[in-house]
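Structure first, commentary second.
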Amino acid sequence: MTIIDGKKISTDIQDEIAAEVNVIKTQGGKIPHLAAVLVGNDGASETYVAAKVKACERVGFKSTLVRMPATITEAELLARLEELNADADIDGYIVQAPLPKQIDEYKVIEAIAPKKDVDGFHPQSVGRMALNLPTYLPATPFGIVQLLERYNIETSGKHCVVLGRSHIVGSPMSILMARNDKHANCTVTLCHSRTANLKEFTLKADILIVALGKTEFVTADMVKDGVVVVDVGITRVPSDKTKSGFKLLGDVKYDEVAAKASFITPVPGGVGPMTIASLLLNTLKACRKEVYN
Ligand code: NAP
């Protein structure tokens, strides 16, 4: 059994990006510039955005943090996004979710210029992904594809079962794994809360990607020997064994499922660290105008 080390792969990718930025600098090219819009001061969002800004610094990107009060109106936020769309120095930007309830998240996603949509959530980006056209892939699914690729995990002809159909993980994951692409070409089954006899599907999975948000949901009796398991779930649960008073649990009962798996991602240290690497890759792509001229 091989543990898929997402922390290492994320660091490798960030080192590769930093090396590319050095080349850009020596050639006098444009330094990639990512902006992050943070509305309000939700604690978790502050942490995520701070990590993204820090990652930009680490690889040599420029970053801009745009802070807006929680009381902002939808029109004011959309006007600010228009400015970001028009700012030639900013290659890509993200709007950190969740947004205050007076703001329609989909209006915001649609207001982001597709060429700057480095989160890959705009309908145009999703459509281009489905058509296998060059685009920005959403960070978490993109990170999972990178993990499978870098561990040389064979995907062609395999049965990939995805648990969960959210717009940010499960649905795009199912699209990516089914594409006619070197690192895809799976036969895909997408399961959700209305799936009857879920275990019948999980038992047939060669590759099982779990994005439910239900701690330790997948147990050893649900998987076959040799399965590749990607656990996307991250839930904070109280713990008296850690200094912080909590620990992180995935959607897979790790020890018992790992005993049957050929490859497995741990939680933490598996899929989680890949999200930032994907965002940086998308920003580099945007700066190089690889998707749109
Ligand atoms: P979500 O939007 O809550 O979606 C959960 C999905 O699971 C839904 O499609 C739901 O089905 C399905 N589901 C729930 N209970 C089920 C059951 N008993 N059987 C079958 N399907 C069931 O969650 P998400 O945003 O995709 O996130 C999932 C997990 O991944 C969370 O723990 C989250 O924290 C984590 N996550 C991690 C990263 C990262 O590592 N970077 C990024 C994103 C998310 P219905 O559609 O029918 O309701």
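Identifiers for the structure tokens are assigned positionally: chains receive A, B, ... in sequence, residues are indexed from 1 per chain, and ligands are indexed from 1 in the order shown.
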DSSP helix (DSSP H, G or I) residues within segment 72-264 of chain A, listed as a PyMOL selection string: chain A and resi 74-86+105-111+114-116+123-130+139-150+170-178+198-202+220-222+254-258
Keeping only C-alpha atoms, write the selected residues to a file as a PDB file, in the first residue's frame.
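The result, written out as selection.pdb:
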ATOM      1  CA  GLU A  74     -24.195  43.043  -4.121  1.00  0.00           C
ATOM      2  CA  ALA A  75     -23.957  45.987  -6.550  1.00  0.00           C
ATOM      3  CA  GLU A  76     -20.882  47.348  -4.770  1.00  0.00           C
ATOM      4  CA  LEU A  77     -19.157  43.981  -4.855  1.00  0.00           C
ATOM      5  CA  LEU A  78     -19.980  43.477  -8.543  1.00  0.00           C
ATOM      6  CA  ALA A  79     -18.603  46.953  -9.314  1.00  0.00           C
ATOM      7  CA  ARG A  80     -15.347  46.056  -7.542  1.00  0.00           C
ATOM      8  CA  LEU A  81     -15.113  42.845  -9.589  1.00  0.00           C
ATOM      9  CA  GLU A  82     -15.504  44.897 -12.769  1.00  0.00           C
ATOM     10  CA  GLU A  83     -12.446  46.879 -11.692  1.00  0.00           C
ATOM     11  CA  LEU A  84     -10.499  43.664 -11.143  1.00  0.00           C
ATOM     12  CA  ASN A  85     -11.624  42.413 -14.565  1.00  0.00           C
ATOM     13  CA  ALA A  86     -10.262  45.608 -16.130  1.00  0.00           C
ATOM     14  CA  GLU A 105     -22.965  33.713  -5.078  1.00  0.00           C
ATOM     15  CA  TYR A 106     -23.813  32.783  -8.673  1.00  0.00           C
ATOM     16  CA  LYS A 107     -24.056  36.416  -9.759  1.00  0.00           C
ATOM     17  CA  VAL A 108     -20.586  36.871  -8.332  1.00  0.00           C
ATOM     18  CA  ILE A 109     -19.184  33.789 -10.089  1.00  0.00           C
ATOM     19  CA  GLU A 110     -20.667  34.966 -13.391  1.00  0.00           C
ATOM     20  CA  ALA A 111     -19.236  38.456 -12.910  1.00  0.00           C
ATOM     21  CA  PRO A 114     -13.588  33.913 -17.597  1.00  0.00           C
ATOM     22  CA  LYS A 115      -9.982  34.724 -18.494  1.00  0.00           C
ATOM     23  CA  LYS A 116      -9.361  35.589 -14.819  1.00  0.00           C
ATOM     24  CA  PRO A 123     -20.085  28.418 -16.169  1.00  0.00           C
ATOM     25  CA  GLN A 124     -17.824  29.057 -19.159  1.00  0.00           C
ATOM     26  CA  SER A 125     -14.911  27.347 -17.391  1.00  0.00           C
ATOM     27  CA  VAL A 126     -17.138  24.417 -16.404  1.00  0.00           C
ATOM     28  CA  GLY A 127     -18.455  24.111 -19.975  1.00  0.00           C
ATOM     29  CA  ARG A 128     -14.963  24.191 -21.439  1.00  0.00           C
ATOM     30  CA  MET A 129     -13.885  21.525 -18.953  1.00  0.00           C
ATOM     31  CA  ALA A 130     -16.783  19.309 -20.057  1.00  0.00           C
ATOM     32  CA  ALA A 139      -8.673  23.565  -7.612  1.00  0.00           C
ATOM     33  CA  THR A 140      -9.602  20.431  -5.682  1.00  0.00           C
ATOM     34  CA  PRO A 141     -10.417  18.159  -8.652  1.00  0.00           C
ATOM     35  CA  PHE A 142      -7.350  19.534 -10.488  1.00  0.00           C
ATOM     36  CA  GLY A 143      -5.258  18.684  -7.416  1.00  0.00           C
ATOM     37  CA  ILE A 144      -6.594  15.124  -7.391  1.00  0.00           C
ATOM     38  CA  VAL A 145      -5.780  14.682 -11.080  1.00  0.00           C
ATOM     39  CA  GLN A 146      -2.227  15.867 -10.311  1.00  0.00           C
ATOM     40  CA  LEU A 147      -1.897  13.344  -7.494  1.00  0.00           C
ATOM     41  CA  LEU A 148      -3.036  10.438  -9.683  1.00  0.00           C
ATOM     42  CA  GLU A 149      -0.701  11.593 -12.457  1.00  0.00           C
ATOM     43  CA  ARG A 150       2.370  12.067 -10.297  1.00  0.00           C
ATOM     44  CA  GLY A 170     -17.820  15.605  -6.968  1.00  0.00           C
ATOM     45  CA  SER A 171     -19.413  16.793 -10.228  1.00  0.00           C
ATOM     46  CA  PRO A 172     -16.258  18.236 -11.822  1.00  0.00           C
ATOM     47  CA  MET A 173     -14.308  15.204 -10.606  1.00  0.00           C
ATOM     48  CA  SER A 174     -16.684  12.880 -12.437  1.00  0.00           C
ATOM     49  CA  ILE A 175     -16.337  14.947 -15.627  1.00  0.00           C
ATOM     50  CA  LEU A 176     -12.544  14.972 -15.448  1.00  0.00           C
ATOM     51  CA  MET A 177     -12.188  11.237 -14.844  1.00  0.00           C
ATOM     52  CA  ALA A 178     -14.482  10.415 -17.781  1.00  0.00           C
ATOM     53  CA  LEU A 198     -24.342   2.596  -2.513  1.00  0.00           C
ATOM     54  CA  LYS A 199     -22.158  -0.303  -1.376  1.00  0.00           C
ATOM     55  CA  GLU A 200     -22.850  -2.203  -4.603  1.00  0.00           C
ATOM     56  CA  PHE A 201     -21.111   0.642  -6.451  1.00  0.00           C
ATOM     57  CA  THR A 202     -18.240   1.245  -4.037  1.00  0.00           C
ATOM     58  CA  ALA A 220     -13.364  -1.704   4.750  1.00  0.00           C
ATOM     59  CA  ASP A 221     -16.413  -3.821   3.874  1.00  0.00           C
ATOM     60  CA  MET A 222     -17.351  -1.224   1.205  1.00  0.00           C
ATOM     61  CA  TYR A 254      -8.416   5.244   7.215  1.00  0.00           C
ATOM     62  CA  ASP A 255      -6.705   2.334   8.999  1.00  0.00           C
ATOM     63  CA  GLU A 256      -9.068  -0.412   7.919  1.00  0.00           C
ATOM     64  CA  VAL A 257      -9.527   0.863   4.345  1.00  0.00           C
ATOM     65  CA  ALA A 258      -5.764   1.460   3.936  1.00  0.00           C
TER      66      ALA A 258
END
Could you list, as a compact mmCIF listing (two decimals) with all heavy atoms, in the first residue's frame, all the residues within 10 Å of ligand 1, counting only C-alpha atoms and all ligand atoms?
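File part_22.txt, as written:
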# COMPACT_ATOMS: atom_id res chain seq x y z
N PRO A 138 -11.20 23.48 -11.65
CA PRO A 138 -11.40 23.82 -10.24
C PRO A 138 -10.33 23.16 -9.36
O PRO A 138 -9.89 22.03 -9.63
CB PRO A 138 -12.80 23.28 -9.94
CG PRO A 138 -13.17 22.41 -11.07
CD PRO A 138 -12.32 22.78 -12.25
N ALA A 139 -9.91 23.90 -8.34
CA ALA A 139 -8.67 23.56 -7.61
C ALA A 139 -8.63 22.15 -7.03
O ALA A 139 -7.64 21.44 -7.21
CB ALA A 139 -8.45 24.59 -6.51
N THR A 140 -9.68 21.73 -6.36
CA THR A 140 -9.60 20.43 -5.68
C THR A 140 -9.58 19.27 -6.69
O THR A 140 -8.68 18.42 -6.62
CB THR A 140 -10.73 20.29 -4.64
OG1 THR A 140 -10.61 21.40 -3.74
CG2 THR A 140 -10.63 19.00 -3.86
N PRO A 141 -10.51 19.23 -7.65
CA PRO A 141 -10.42 18.16 -8.65
C PRO A 141 -9.10 18.19 -9.43
O PRO A 141 -8.50 17.15 -9.70
CB PRO A 141 -11.62 18.41 -9.57
CG PRO A 141 -12.58 19.17 -8.72
CD PRO A 141 -11.74 20.02 -7.82
N GLY A 143 -6.27 19.22 -8.33
CA GLY A 143 -5.26 18.68 -7.42
C GLY A 143 -5.28 17.16 -7.38
O GLY A 143 -4.24 16.50 -7.36
N ILE A 144 -6.47 16.59 -7.43
CA ILE A 144 -6.59 15.12 -7.39
C ILE A 144 -6.03 14.52 -8.68
O ILE A 144 -5.30 13.52 -8.65
CB ILE A 144 -8.07 14.72 -7.16
CG1 ILE A 144 -8.50 15.16 -5.76
CG2 ILE A 144 -8.27 13.21 -7.35
CD1 ILE A 144 -9.99 15.07 -5.49
N VAL A 162 -17.30 8.06 -7.84
CA VAL A 162 -17.18 9.32 -7.11
C VAL A 162 -18.37 9.41 -6.15
O VAL A 162 -19.52 9.26 -6.57
CB VAL A 162 -17.21 10.53 -8.08
CG1 VAL A 162 -17.09 11.84 -7.32
CG2 VAL A 162 -16.08 10.40 -9.12
N LEU A 163 -18.09 9.64 -4.87
CA LEU A 163 -19.17 9.81 -3.89
C LEU A 163 -19.31 11.30 -3.60
O LEU A 163 -18.37 11.93 -3.11
CB LEU A 163 -18.87 9.05 -2.60
CG LEU A 163 -18.61 7.54 -2.69
CD1 LEU A 163 -18.52 6.93 -1.29
CD2 LEU A 163 -19.69 6.84 -3.51
N GLY A 164 -20.47 11.86 -3.93
CA GLY A 164 -20.71 13.29 -3.74
C GLY A 164 -20.78 13.98 -5.08
O GLY A 164 -19.99 13.66 -5.99
N ARG A 165 -21.74 14.91 -5.23
CA ARG A 165 -21.92 15.59 -6.53
C ARG A 165 -21.91 17.11 -6.39
O ARG A 165 -22.63 17.81 -7.10
CB ARG A 165 -23.24 15.14 -7.16
CG ARG A 165 -24.45 15.44 -6.30
CD ARG A 165 -25.74 15.06 -6.96
NE ARG A 165 -26.82 15.00 -5.98
CZ ARG A 165 -28.05 14.59 -6.24
NH1 ARG A 165 -28.37 14.21 -7.46
NH2 ARG A 165 -28.97 14.57 -5.30
N SER A 166 -21.12 17.63 -5.42
CA SER A 166 -21.08 19.09 -5.27
C SER A 166 -20.46 19.73 -6.50
O SER A 166 -19.72 19.07 -7.25
CB SER A 166 -20.27 19.47 -4.03
OG SER A 166 -18.90 19.24 -4.26
N HIS A 167 -20.76 21.04 -6.68
CA HIS A 167 -20.23 21.75 -7.84
C HIS A 167 -18.73 21.96 -7.74
O HIS A 167 -18.06 22.19 -8.74
CB HIS A 167 -20.94 23.10 -8.01
CG HIS A 167 -22.37 22.93 -8.38
ND1 HIS A 167 -23.30 23.93 -8.29
CD2 HIS A 167 -23.03 21.85 -8.84
CE1 HIS A 167 -24.46 23.47 -8.69
NE2 HIS A 167 -24.33 22.21 -9.01
N ILE A 168 -18.20 21.94 -6.51
CA ILE A 168 -16.76 22.23 -6.39
C ILE A 168 -15.90 20.96 -6.40
O ILE A 168 -14.73 21.03 -6.70
CB ILE A 168 -16.43 23.11 -5.16
CG1 ILE A 168 -16.88 22.44 -3.85
CG2 ILE A 168 -17.05 24.49 -5.29
CD1 ILE A 168 -16.23 23.10 -2.63
N VAL A 169 -16.48 19.82 -6.03
CA VAL A 169 -15.65 18.60 -6.01
C VAL A 169 -16.26 17.46 -6.84
O VAL A 169 -15.74 17.11 -7.91
CB VAL A 169 -15.39 18.08 -4.56
CG1 VAL A 169 -14.30 17.00 -4.61
CG2 VAL A 169 -14.97 19.17 -3.61
N GLY A 170 -17.33 16.85 -6.37
CA GLY A 170 -17.82 15.60 -6.97
C GLY A 170 -18.17 15.71 -8.44
O GLY A 170 -17.69 14.90 -9.26
N SER A 171 -18.99 16.70 -8.82
CA SER A 171 -19.41 16.79 -10.23
C SER A 171 -18.24 17.02 -11.17
O SER A 171 -18.05 16.25 -12.13
CB SER A 171 -20.46 17.89 -10.41
OG SER A 171 -21.65 17.47 -9.83
N LEU A 190 -21.25 8.25 -10.64
CA LEU A 190 -21.36 9.35 -9.67
C LEU A 190 -22.50 9.05 -8.69
O LEU A 190 -23.66 8.90 -9.10
CB LEU A 190 -21.64 10.65 -10.44
CG LEU A 190 -21.81 11.91 -9.59
CD1 LEU A 190 -20.56 12.21 -8.77
CD2 LEU A 190 -22.11 13.12 -10.49
N CYS A 191 -22.16 8.95 -7.42
CA CYS A 191 -23.16 8.61 -6.40
C CYS A 191 -23.45 9.82 -5.51
O CYS A 191 -22.59 10.69 -5.34
CB CYS A 191 -22.66 7.47 -5.52
SG CYS A 191 -22.30 5.96 -6.42
N HIS A 192 -24.62 9.85 -4.93
CA HIS A 192 -25.03 10.96 -4.06
C HIS A 192 -26.01 10.44 -3.02
O HIS A 192 -26.20 9.22 -2.90
CB HIS A 192 -25.64 12.09 -4.91
CG HIS A 192 -26.58 11.57 -5.95
ND1 HIS A 192 -27.87 11.17 -5.64
CD2 HIS A 192 -26.40 11.33 -7.27
CE1 HIS A 192 -28.45 10.74 -6.74
NE2 HIS A 192 -27.58 10.81 -7.75
N SER A 193 -26.66 11.35 -2.31
CA SER A 193 -27.47 10.90 -1.17
C SER A 193 -28.70 10.10 -1.59
O SER A 193 -29.30 9.41 -0.78
CB SER A 193 -27.89 12.09 -0.31
OG SER A 193 -28.77 12.92 -1.02
N ARG A 194 -29.10 10.20 -2.85
CA ARG A 194 -30.27 9.44 -3.32
C ARG A 194 -29.87 8.12 -3.98
O ARG A 194 -30.73 7.41 -4.50
CB ARG A 194 -31.10 10.27 -4.32
CG ARG A 194 -31.54 11.61 -3.79
CD ARG A 194 -32.51 11.46 -2.61
NE ARG A 194 -32.85 12.77 -2.07
CZ ARG A 194 -33.89 13.49 -2.47
NH1 ARG A 194 -34.70 13.03 -3.39
NH2 ARG A 194 -34.11 14.67 -1.95
N THR A 195 -28.59 7.83 -4.03
CA THR A 195 -28.15 6.57 -4.65
C THR A 195 -28.63 5.39 -3.81
O THR A 195 -28.39 5.36 -2.60
CB THR A 195 -26.60 6.54 -4.75
OG1 THR A 195 -26.19 7.64 -5.54
CG2 THR A 195 -26.11 5.24 -5.37
N ALA A 196 -29.30 4.45 -4.48
CA ALA A 196 -29.75 3.25 -3.76
C ALA A 196 -28.62 2.21 -3.79
O ALA A 196 -27.89 2.12 -4.77
CB ALA A 196 -31.00 2.70 -4.43
N ASN A 197 -28.48 1.49 -2.72
CA ASN A 197 -27.46 0.43 -2.62
C ASN A 197 -26.05 0.93 -2.95
O ASN A 197 -25.36 0.37 -3.80
CB ASN A 197 -27.80 -0.74 -3.56
CG ASN A 197 -29.20 -1.26 -3.28
OD1 ASN A 197 -29.61 -1.36 -2.11
ND2 ASN A 197 -29.94 -1.56 -4.32
N LEU A 198 -25.65 1.96 -2.26
CA LEU A 198 -24.34 2.60 -2.51
C LEU A 198 -23.19 1.59 -2.50
O LEU A 198 -22.27 1.64 -3.33
CB LEU A 198 -24.11 3.67 -1.43
CG LEU A 198 -22.94 4.60 -1.66
CD1 LEU A 198 -23.32 5.70 -2.64
CD2 LEU A 198 -22.49 5.21 -0.35
N LYS A 199 -23.26 0.66 -1.55
CA LYS A 199 -22.16 -0.30 -1.38
C LYS A 199 -21.93 -1.15 -2.63
O LYS A 199 -20.80 -1.52 -2.94
CB LYS A 199 -22.47 -1.18 -0.16
CG LYS A 199 -21.33 -2.02 0.33
CD LYS A 199 -21.71 -2.71 1.64
CE LYS A 199 -20.78 -3.87 1.91
NZ LYS A 199 -21.17 -4.61 3.13
N VAL A 210 -13.92 10.15 -2.67
CA VAL A 210 -14.97 10.36 -1.67
C VAL A 210 -15.01 11.82 -1.25
O VAL A 210 -14.05 12.35 -0.69
CB VAL A 210 -14.73 9.46 -0.43
CG1 VAL A 210 -15.96 9.45 0.45
CG2 VAL A 210 -14.34 8.05 -0.83
N ALA A 211 -16.13 12.49 -1.53
CA ALA A 211 -16.29 13.91 -1.18
C ALA A 211 -17.69 14.11 -0.62
O ALA A 211 -18.60 14.61 -1.30
CB ALA A 211 -16.06 14.80 -2.39
N LEU A 212 -17.88 13.68 0.63
CA LEU A 212 -19.20 13.70 1.25
C LEU A 212 -19.31 14.69 2.40
O LEU A 212 -20.35 15.28 2.64
CB LEU A 212 -19.51 12.30 1.83
CG LEU A 212 -19.53 11.12 0.87
CD1 LEU A 212 -19.64 9.82 1.65
CD2 LEU A 212 -20.69 11.26 -0.10
N GLY A 213 -18.20 14.82 3.18
CA GLY A 213 -18.28 15.59 4.42
C GLY A 213 -18.92 14.78 5.53
O GLY A 213 -19.54 15.33 6.45
N LYS A 214 -18.80 13.45 5.45
CA LYS A 214 -19.35 12.54 6.49
C LYS A 214 -18.17 11.73 7.04
O LYS A 214 -17.63 10.86 6.32
CB LYS A 214 -20.35 11.55 5.88
CG LYS A 214 -21.51 12.20 5.19
CD LYS A 214 -22.80 11.75 5.85
CE LYS A 214 -23.97 12.56 5.37
NZ LYS A 214 -24.56 13.49 6.25
N THR A 215 -17.82 11.99 8.28
CA THR A 215 -16.58 11.39 8.81
C THR A 215 -16.64 9.86 8.82
O THR A 215 -17.63 9.26 9.21
CB THR A 215 -16.31 11.88 10.25
OG1 THR A 215 -17.46 11.62 11.03
CG2 THR A 215 -15.98 13.34 10.30
N PHE A 217 -17.09 7.57 6.77
CA PHE A 217 -18.27 6.95 6.15
C PHE A 217 -17.91 5.65 5.42
O PHE A 217 -18.63 4.66 5.48
CB PHE A 217 -18.87 7.97 5.17
CG PHE A 217 -20.10 7.51 4.46
CD1 PHE A 217 -21.36 7.74 4.99
CD2 PHE A 217 -20.01 6.86 3.22
CE1 PHE A 217 -22.51 7.33 4.32
CE2 PHE A 217 -21.14 6.46 2.55
CZ PHE A 217 -22.39 6.69 3.10
N VAL A 218 -16.77 5.69 4.70
CA VAL A 218 -16.38 4.50 3.91
C VAL A 218 -15.58 3.54 4.79
O VAL A 218 -14.53 3.90 5.33
CB VAL A 218 -15.55 4.92 2.67
CG1 VAL A 218 -15.03 3.70 1.92
CG2 VAL A 218 -16.39 5.78 1.74
N ASP A 231 -9.50 10.48 -0.54
CA ASP A 231 -10.42 10.98 0.50
C ASP A 231 -10.37 12.50 0.53
O ASP A 231 -9.37 13.09 0.94
CB ASP A 231 -9.99 10.39 1.85
CG ASP A 231 -10.97 10.73 2.97
OD1 ASP A 231 -11.93 11.48 2.73
OD2 ASP A 231 -10.77 10.22 4.09
N VAL A 232 -11.44 13.12 0.06
CA VAL A 232 -11.48 14.59 -0.02
C VAL A 232 -12.01 15.19 1.29
O VAL A 232 -11.71 16.34 1.63
CB VAL A 232 -12.35 15.05 -1.21
CG1 VAL A 232 -12.24 16.55 -1.42
CG2 VAL A 232 -11.97 14.32 -2.49
N GLY A 233 -12.75 14.44 2.02
CA GLY A 233 -13.41 14.96 3.23
C GLY A 233 -12.44 15.52 4.26
O GLY A 233 -11.36 14.96 4.47
N ILE A 234 -12.81 16.63 4.84
CA ILE A 234 -12.06 17.17 5.98
C ILE A 234 -13.09 17.70 6.96
O ILE A 234 -13.81 18.66 6.65
CB ILE A 234 -11.17 18.39 5.63
CG1 ILE A 234 -10.31 18.15 4.39
CG2 ILE A 234 -10.29 18.76 6.81
CD1 ILE A 234 -9.51 19.39 4.00
N THR A 235 -13.16 17.08 8.11
CA THR A 235 -14.08 17.58 9.14
C THR A 235 -13.30 17.72 10.45
O THR A 235 -12.54 16.83 10.81
CB THR A 235 -15.27 16.62 9.33
OG1 THR A 235 -15.88 16.37 8.05
CG2 THR A 235 -16.31 17.20 10.27
N ARG A 236 -13.48 18.86 11.10
CA ARG A 236 -12.86 19.11 12.40
C ARG A 236 -13.70 18.46 13.48
O ARG A 236 -14.91 18.73 13.55
CB ARG A 236 -12.93 20.61 12.70
CG ARG A 236 -11.69 21.37 12.50
CD ARG A 236 -12.00 22.80 12.89
NE ARG A 236 -10.87 23.64 12.61
CZ ARG A 236 -10.46 24.61 13.40
NH1 ARG A 236 -11.11 24.91 14.50
NH2 ARG A 236 -9.41 25.33 13.08
N LEU A 248 -8.55 16.48 12.59
CA LEU A 248 -9.23 16.45 11.30
C LEU A 248 -9.51 15.01 10.89
O LEU A 248 -8.62 14.15 11.00
CB LEU A 248 -8.36 17.12 10.23
CG LEU A 248 -8.07 18.60 10.46
CD1 LEU A 248 -7.07 19.12 9.44
CD2 LEU A 248 -9.35 19.43 10.39
N LEU A 249 -10.73 14.76 10.48
CA LEU A 249 -11.08 13.41 10.01
C LEU A 249 -11.55 13.47 8.57
O LEU A 249 -12.21 14.44 8.15
CB LEU A 249 -12.21 12.83 10.86
CG LEU A 249 -11.85 12.23 12.24
CD1 LEU A 249 -13.10 11.61 12.86
CD2 LEU A 249 -10.75 11.17 12.13
N GLY A 250 -11.23 12.41 7.83
CA GLY A 250 -11.70 12.30 6.46
C GLY A 250 -13.02 11.56 6.38
O GLY A 250 -13.63 11.24 7.42
N ASP A 251 -13.44 11.28 5.16
CA ASP A 251 -14.69 10.55 4.93
C ASP A 251 -14.45 9.04 4.89
O ASP A 251 -15.39 8.27 4.65
CB ASP A 251 -15.30 10.98 3.58
CG ASP A 251 -15.88 12.38 3.62
OD1 ASP A 251 -16.07 12.91 4.74
OD2 ASP A 251 -16.14 12.94 2.54
N VAL A 267 -5.75 11.96 5.60
CA VAL A 267 -6.33 13.25 6.02
C VAL A 267 -5.81 13.54 7.42
O VAL A 267 -6.02 12.73 8.32
CB VAL A 267 -7.87 13.18 6.05
CG1 VAL A 267 -8.45 14.51 6.57
CG2 VAL A 267 -8.45 12.87 4.68
N PRO A 268 -5.08 14.63 7.63
CA PRO A 268 -4.69 15.63 6.63
C PRO A 268 -3.46 15.16 5.84
O PRO A 268 -2.93 14.10 6.12
CB PRO A 268 -4.36 16.84 7.51
CG PRO A 268 -3.88 16.26 8.80
CD PRO A 268 -4.65 14.99 9.00
N GLY A 269 -3.05 15.99 4.88
CA GLY A 269 -1.81 15.71 4.15
C GLY A 269 -2.02 15.01 2.82
O GLY A 269 -1.04 14.61 2.18
N GLY A 270 -3.26 14.84 2.40
CA GLY A 270 -3.53 14.18 1.12
C GLY A 270 -3.99 15.20 0.10
O GLY A 270 -3.19 15.93 -0.50
N VAL A 271 -5.31 15.29 -0.07
CA VAL A 271 -5.88 16.20 -1.07
C VAL A 271 -5.74 17.67 -0.65
O VAL A 271 -5.46 18.54 -1.47
CB VAL A 271 -7.38 15.85 -1.30
CG1 VAL A 271 -8.03 16.87 -2.24
CG2 VAL A 271 -7.52 14.44 -1.86
N GLY A 272 -5.92 17.93 0.65
CA GLY A 272 -5.96 19.31 1.16
C GLY A 272 -4.84 20.21 0.64
O GLY A 272 -5.12 21.27 0.07
N PRO A 273 -3.57 19.81 0.79
CA PRO A 273 -2.48 20.70 0.37
C PRO A 273 -2.44 20.97 -1.13
O PRO A 273 -1.77 21.90 -1.57
CB PRO A 273 -1.21 19.92 0.79
CG PRO A 273 -1.66 18.88 1.75
CD PRO A 273 -3.09 18.57 1.43
N MET A 274 -3.16 20.17 -1.92
CA MET A 274 -3.10 20.32 -3.37
C MET A 274 -3.89 21.52 -3.88
O MET A 274 -3.63 22.02 -4.97
CB MET A 274 -3.63 19.06 -4.06
CG MET A 274 -2.75 17.85 -3.85
SD MET A 274 -1.08 18.12 -4.46
CE MET A 274 -1.38 18.22 -6.22
N THR A 275 -4.85 21.98 -3.08
CA THR A 275 -5.73 23.05 -3.55
C THR A 275 -4.94 24.32 -3.90
O THR A 275 -5.15 24.93 -4.94
CB THR A 275 -6.79 23.34 -2.47
OG1 THR A 275 -7.42 22.11 -2.18
CG2 THR A 275 -7.83 24.32 -2.94
N ILE A 276 -4.01 24.66 -3.02
CA ILE A 276 -3.24 25.89 -3.26
C ILE A 276 -2.31 25.72 -4.46
O ILE A 276 -2.18 26.62 -5.29
CB ILE A 276 -2.47 26.29 -1.98
CG1 ILE A 276 -3.47 26.98 -1.03
CG2 ILE A 276 -1.28 27.19 -2.29
CD1 ILE A 276 -2.91 27.50 0.24
N SER A 278 -2.87 23.97 -7.06
CA SER A 278 -3.70 24.09 -8.27
C SER A 278 -4.00 25.55 -8.58
O SER A 278 -3.96 25.97 -9.74
CB SER A 278 -5.04 23.37 -8.08
OG SER A 278 -4.85 22.03 -7.77
Mind listing the strand (DSSP E) residues of segment 136-212 of chain A, per DSSP on the backbone, as a compact mmCIF listing (two decimals) with N, CA and C atoms, in the first residue's frame?
# COMPACT_ATOMS: atom_id res chain seq x y z
N HIS A 159 -12.73 1.59 -13.42
CA HIS A 159 -14.04 2.06 -12.96
C HIS A 159 -13.80 3.02 -11.80
N CYS A 160 -14.14 4.29 -12.03
CA CYS A 160 -13.97 5.30 -10.98
C CYS A 160 -15.34 5.61 -10.39
N VAL A 161 -15.46 5.46 -9.09
CA VAL A 161 -16.71 5.78 -8.41
C VAL A 161 -16.47 7.04 -7.58
N VAL A 162 -17.30 8.06 -7.84
CA VAL A 162 -17.18 9.32 -7.11
C VAL A 162 -18.37 9.41 -6.15
N LEU A 163 -18.09 9.64 -4.87
CA LEU A 163 -19.17 9.81 -3.89
C LEU A 163 -19.31 11.30 -3.60
N THR A 187 -14.34 4.73 -16.65
CA THR A 187 -15.79 4.57 -16.66
C THR A 187 -16.22 5.08 -15.30
N VAL A 188 -17.12 6.08 -15.31
CA VAL A 188 -17.39 6.78 -14.04
C VAL A 188 -18.81 6.54 -13.53
N THR A 189 -18.92 6.30 -12.25
CA THR A 189 -20.23 6.26 -11.59
C THR A 189 -20.24 7.38 -10.55
N LEU A 190 -21.25 8.25 -10.64
CA LEU A 190 -21.36 9.35 -9.67
C LEU A 190 -22.50 9.05 -8.69
N CYS A 191 -22.16 8.95 -7.42
CA CYS A 191 -23.16 8.61 -6.40
C CYS A 191 -23.45 9.82 -5.51
N ILE A 207 -11.09 2.92 -8.58
CA ILE A 207 -10.66 4.19 -8.00
C ILE A 207 -11.89 4.77 -7.29
N LEU A 208 -11.75 5.07 -6.03
CA LEU A 208 -12.89 5.59 -5.25
C LEU A 208 -12.53 6.99 -4.74
N ILE A 209 -13.31 7.97 -5.19
CA ILE A 209 -13.06 9.36 -4.78
C ILE A 209 -14.22 9.79 -3.90
N VAL A 210 -13.92 10.15 -2.67
CA VAL A 210 -14.97 10.36 -1.67
C VAL A 210 -15.01 11.82 -1.25
Atomic separation - atom CA of Val39 of chain A relative to atom CA of Val66 of chain A, Å: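 Calculated distance between atom CA of Val66 of chain A and atom CA of Val39 of chain A is 8.3 Å.
Going from atom CA of Phe121 of chain A to atom CA of Thr71 of chain A covers 24.1 Å.
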Nearest to Asp206 of chain A, chosen from A:Lys54, A:Lys247, A:Lys7, A:Lys260, with only C-alpha atoms counted in the distances: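 Among the listed residues, the smallest separation from Asp206 of chain A belongs to A:Lys260.
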Gap from atom CA of Ser244 of chain A to atom CA of Asp5 of chain A - Å, one decimal: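 Straight-line distance from atom CA of Ser244 of chain A to atom CA of Asp5 of chain A works out to 23.4 Å.
In terms of minimum interatomic distance to Pro98 of chain A, A:Leu38 ranks closest within A:Ile112, A:Leu38, A:Ala50, A:Leu133, counting only C-alpha atoms.
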